Amino acid sequence: MGTLSVVTYVAPIVLGLGLKLPIWLAMTIMGVGVVATVATVIVSRREAVAARRELVTAEQAAKVAAERARGAMEDVLTVLVHHIGEIVSANSKSTRSQLQQQMKQAIVSLTAQLIGPDNARACVLEVDPASQVTGVREMKCLNGLWMGRAEAPRTVFREDQARGASLLKLMDDRKSTFVENVDALDPALRPETDSYKTYITATITAAGKDAFGVLCVDAPCPGNLRKEDVRLVEVLARLLGAALAVRR
């Protein structure tokens, strides 16, 4: 393409110099210039057509990907809504409690699969009932409710410590938070481990009333999670909250 452009440009200049060239050479230069001009136009059109095709292909690929993602999300929501229906219609407290526990595990698994990279970890943190007696609430991952990379969450968040107080306040206020990089936090609020550098937490609540804990997802590197992920974590947390709010 570059050579053709040069020939197209140079040929008429040479002829316009008024040099006494043999007729055959002048005709050759003119012919080459014409051919080069036509070739340039053809190549440009082909490149434009190819670019349009690539654009259409990219748009089609994006459309297919979006349709697949939407279909997968619809499948997920259908299963979760069905599970909530089973909880609502459970005939006994023990059956309902068992179904609610299954719902917790399903939400944790989906959060780990849908949010962040493959090595993201999700868990449900709940107030330990035993800590209610002491007057100092503690939040922890109870009953193995975590999914993702191999390292289980072991941190206990105590209300009389900075990190615990912050997390419990977030739950009490029915809020969510996204920390892009834990190294930017106040030292008192940084994790005790280097196993994760970014995290999202969302309160598990039903219609902003009762709070049942928080749904968390974390990942090893800053940038693994995005602000856009917060909304989906909140939706999953509220679906779990709706299931746990059934008490009759």
# chains A, B, ... in the order shown; residues from 1 in each chain; ligands from 1
>>> residues_around(residues="A:Ile87", least_positions_apart="6", cutoff="9 Å", atoms="only C-alpha atoms", output="list in words")
Thr95, Arg96, Ser97, Gln98, Leu99, Gln100, Ala243, Leu244 and Val246 of chain A
>>> write_last_selection(atoms="N, CA, C and O atoms", output="PDB file, in the first residue's frame")
ATOM      1  N   THR A  95     -36.877 -28.354  58.226  1.00  0.00           N
ATOM      2  CA  THR A  95     -36.735 -28.413  56.762  1.00  0.00           C
ATOM      3  C   THR A  95     -36.372 -27.049  56.206  1.00  0.00           C
ATOM      4  O   THR A  95     -35.495 -26.919  55.350  1.00  0.00           O
ATOM      5  N   ARG A  96     -37.056 -26.032  56.718  1.00  0.00           N
ATOM      6  CA  ARG A  96     -36.781 -24.673  56.248  1.00  0.00           C
ATOM      7  C   ARG A  96     -35.349 -24.266  56.594  1.00  0.00           C
ATOM      8  O   ARG A  96     -34.643 -23.661  55.781  1.00  0.00           O
ATOM      9  N   SER A  97     -34.888 -24.588  57.781  1.00  0.00           N
ATOM     10  CA  SER A  97     -33.532 -24.258  58.196  1.00  0.00           C
ATOM     11  C   SER A  97     -32.506 -24.954  57.301  1.00  0.00           C
ATOM     12  O   SER A  97     -31.485 -24.358  56.921  1.00  0.00           O
ATOM     13  N   GLN A  98     -32.776 -26.204  56.963  1.00  0.00           N
ATOM     14  CA  GLN A  98     -31.868 -26.948  56.090  1.00  0.00           C
ATOM     15  C   GLN A  98     -31.815 -26.329  54.698  1.00  0.00           C
ATOM     16  O   GLN A  98     -30.731 -26.180  54.105  1.00  0.00           O
ATOM     17  N   LEU A  99     -32.965 -25.941  54.181  1.00  0.00           N
ATOM     18  CA  LEU A  99     -33.024 -25.306  52.860  1.00  0.00           C
ATOM     19  C   LEU A  99     -32.323 -23.948  52.876  1.00  0.00           C
ATOM     20  O   LEU A  99     -31.664 -23.562  51.906  1.00  0.00           O
ATOM     21  N   GLN A 100     -32.452 -23.215  53.948  1.00  0.00           N
ATOM     22  CA  GLN A 100     -31.783 -21.914  54.062  1.00  0.00           C
ATOM     23  C   GLN A 100     -30.268 -22.082  54.093  1.00  0.00           C
ATOM     24  O   GLN A 100     -29.534 -21.280  53.509  1.00  0.00           O
ATOM     25  N   ALA A 243     -34.326 -15.163  51.411  1.00  0.00           N
ATOM     26  CA  ALA A 243     -34.498 -16.556  51.806  1.00  0.00           C
ATOM     27  C   ALA A 243     -34.393 -16.726  53.315  1.00  0.00           C
ATOM     28  O   ALA A 243     -35.143 -17.503  53.924  1.00  0.00           O
ATOM     29  N   LEU A 244     -33.494 -15.978  53.946  1.00  0.00           N
ATOM     30  CA  LEU A 244     -33.298 -16.123  55.389  1.00  0.00           C
ATOM     31  C   LEU A 244     -34.366 -15.410  56.210  1.00  0.00           C
ATOM     32  O   LEU A 244     -34.546 -15.702  57.407  1.00  0.00           O
ATOM     33  N   VAL A 246     -37.514 -15.698  55.843  1.00  0.00           N
ATOM     34  CA  VAL A 246     -38.704 -16.554  55.995  1.00  0.00           C
ATOM     35  C   VAL A 246     -38.594 -17.279  57.338  1.00  0.00           C
ATOM     36  O   VAL A 246     -37.680 -18.074  57.544  1.00  0.00           O
TER      37      VAL A 246
END
>>> residues_around(residues="A:Arg231", least_positions_apart="4", cutoff="10 Å", atoms="only C-alpha atoms", output="JSON, numbers by chain")
{"A": [176, 202, 227, 235, 236, 237]}
>>> write_last_selection(atoms="N, CA, C and O atoms", output="tab-separated table (two decimals), in the first residue's frame")
chain	number	residue	atom	x	y	z
A	176	SER	N	-22.79	-1.55	51.74
A	176	SER	CA	-21.80	-2.34	51.01
A	176	SER	C	-20.52	-1.52	50.90
A	176	SER	O	-20.54	-0.30	51.07
A	202	ALA	N	-21.07	-6.99	51.11
A	202	ALA	CA	-22.45	-6.50	50.99
A	202	ALA	C	-23.28	-7.12	52.10
A	202	ALA	O	-23.19	-8.32	52.37
A	227	LYS	N	-15.43	-1.92	40.65
A	227	LYS	CA	-16.58	-1.26	41.28
A	227	LYS	C	-17.89	-1.77	40.69
A	227	LYS	O	-18.91	-1.85	41.38
A	235	VAL	N	-26.98	-7.86	44.81
A	235	VAL	CA	-28.17	-8.61	44.37
A	235	VAL	C	-28.17	-10.01	44.98
A	235	VAL	O	-29.18	-10.49	45.51
A	236	LEU	N	-27.02	-10.68	44.93
A	236	LEU	CA	-26.92	-12.02	45.49
A	236	LEU	C	-27.13	-11.99	47.00
A	236	LEU	O	-27.78	-12.88	47.57
A	237	ALA	N	-26.59	-10.97	47.67
A	237	ALA	CA	-26.77	-10.85	49.12
A	237	ALA	C	-28.23	-10.64	49.47
A	237	ALA	O	-28.74	-11.21	50.46
>>> residues_around(residues="A:Pro191", least_positions_apart="3", cutoff="9 Å", atoms="only C-alpha atoms", output="list in words")
Thr155, Arg163, Val182, Pro187, Ala188, Asp194, Ser195, Tyr196 and Lys197 of chain A
>>> atom_distance(atom1="atom CA of A:Gln161", atom2="atom CA of A:Lys175")
19.4 Å
>>> atom_distance(atom1="atom CA of A:Ala211", atom2="atom CA of A:Trp146")
18.9 Å
>>> atom_distance(atom1="atom CA of A:Ala165", atom2="atom CA of A:Glu180")
20.2 Å
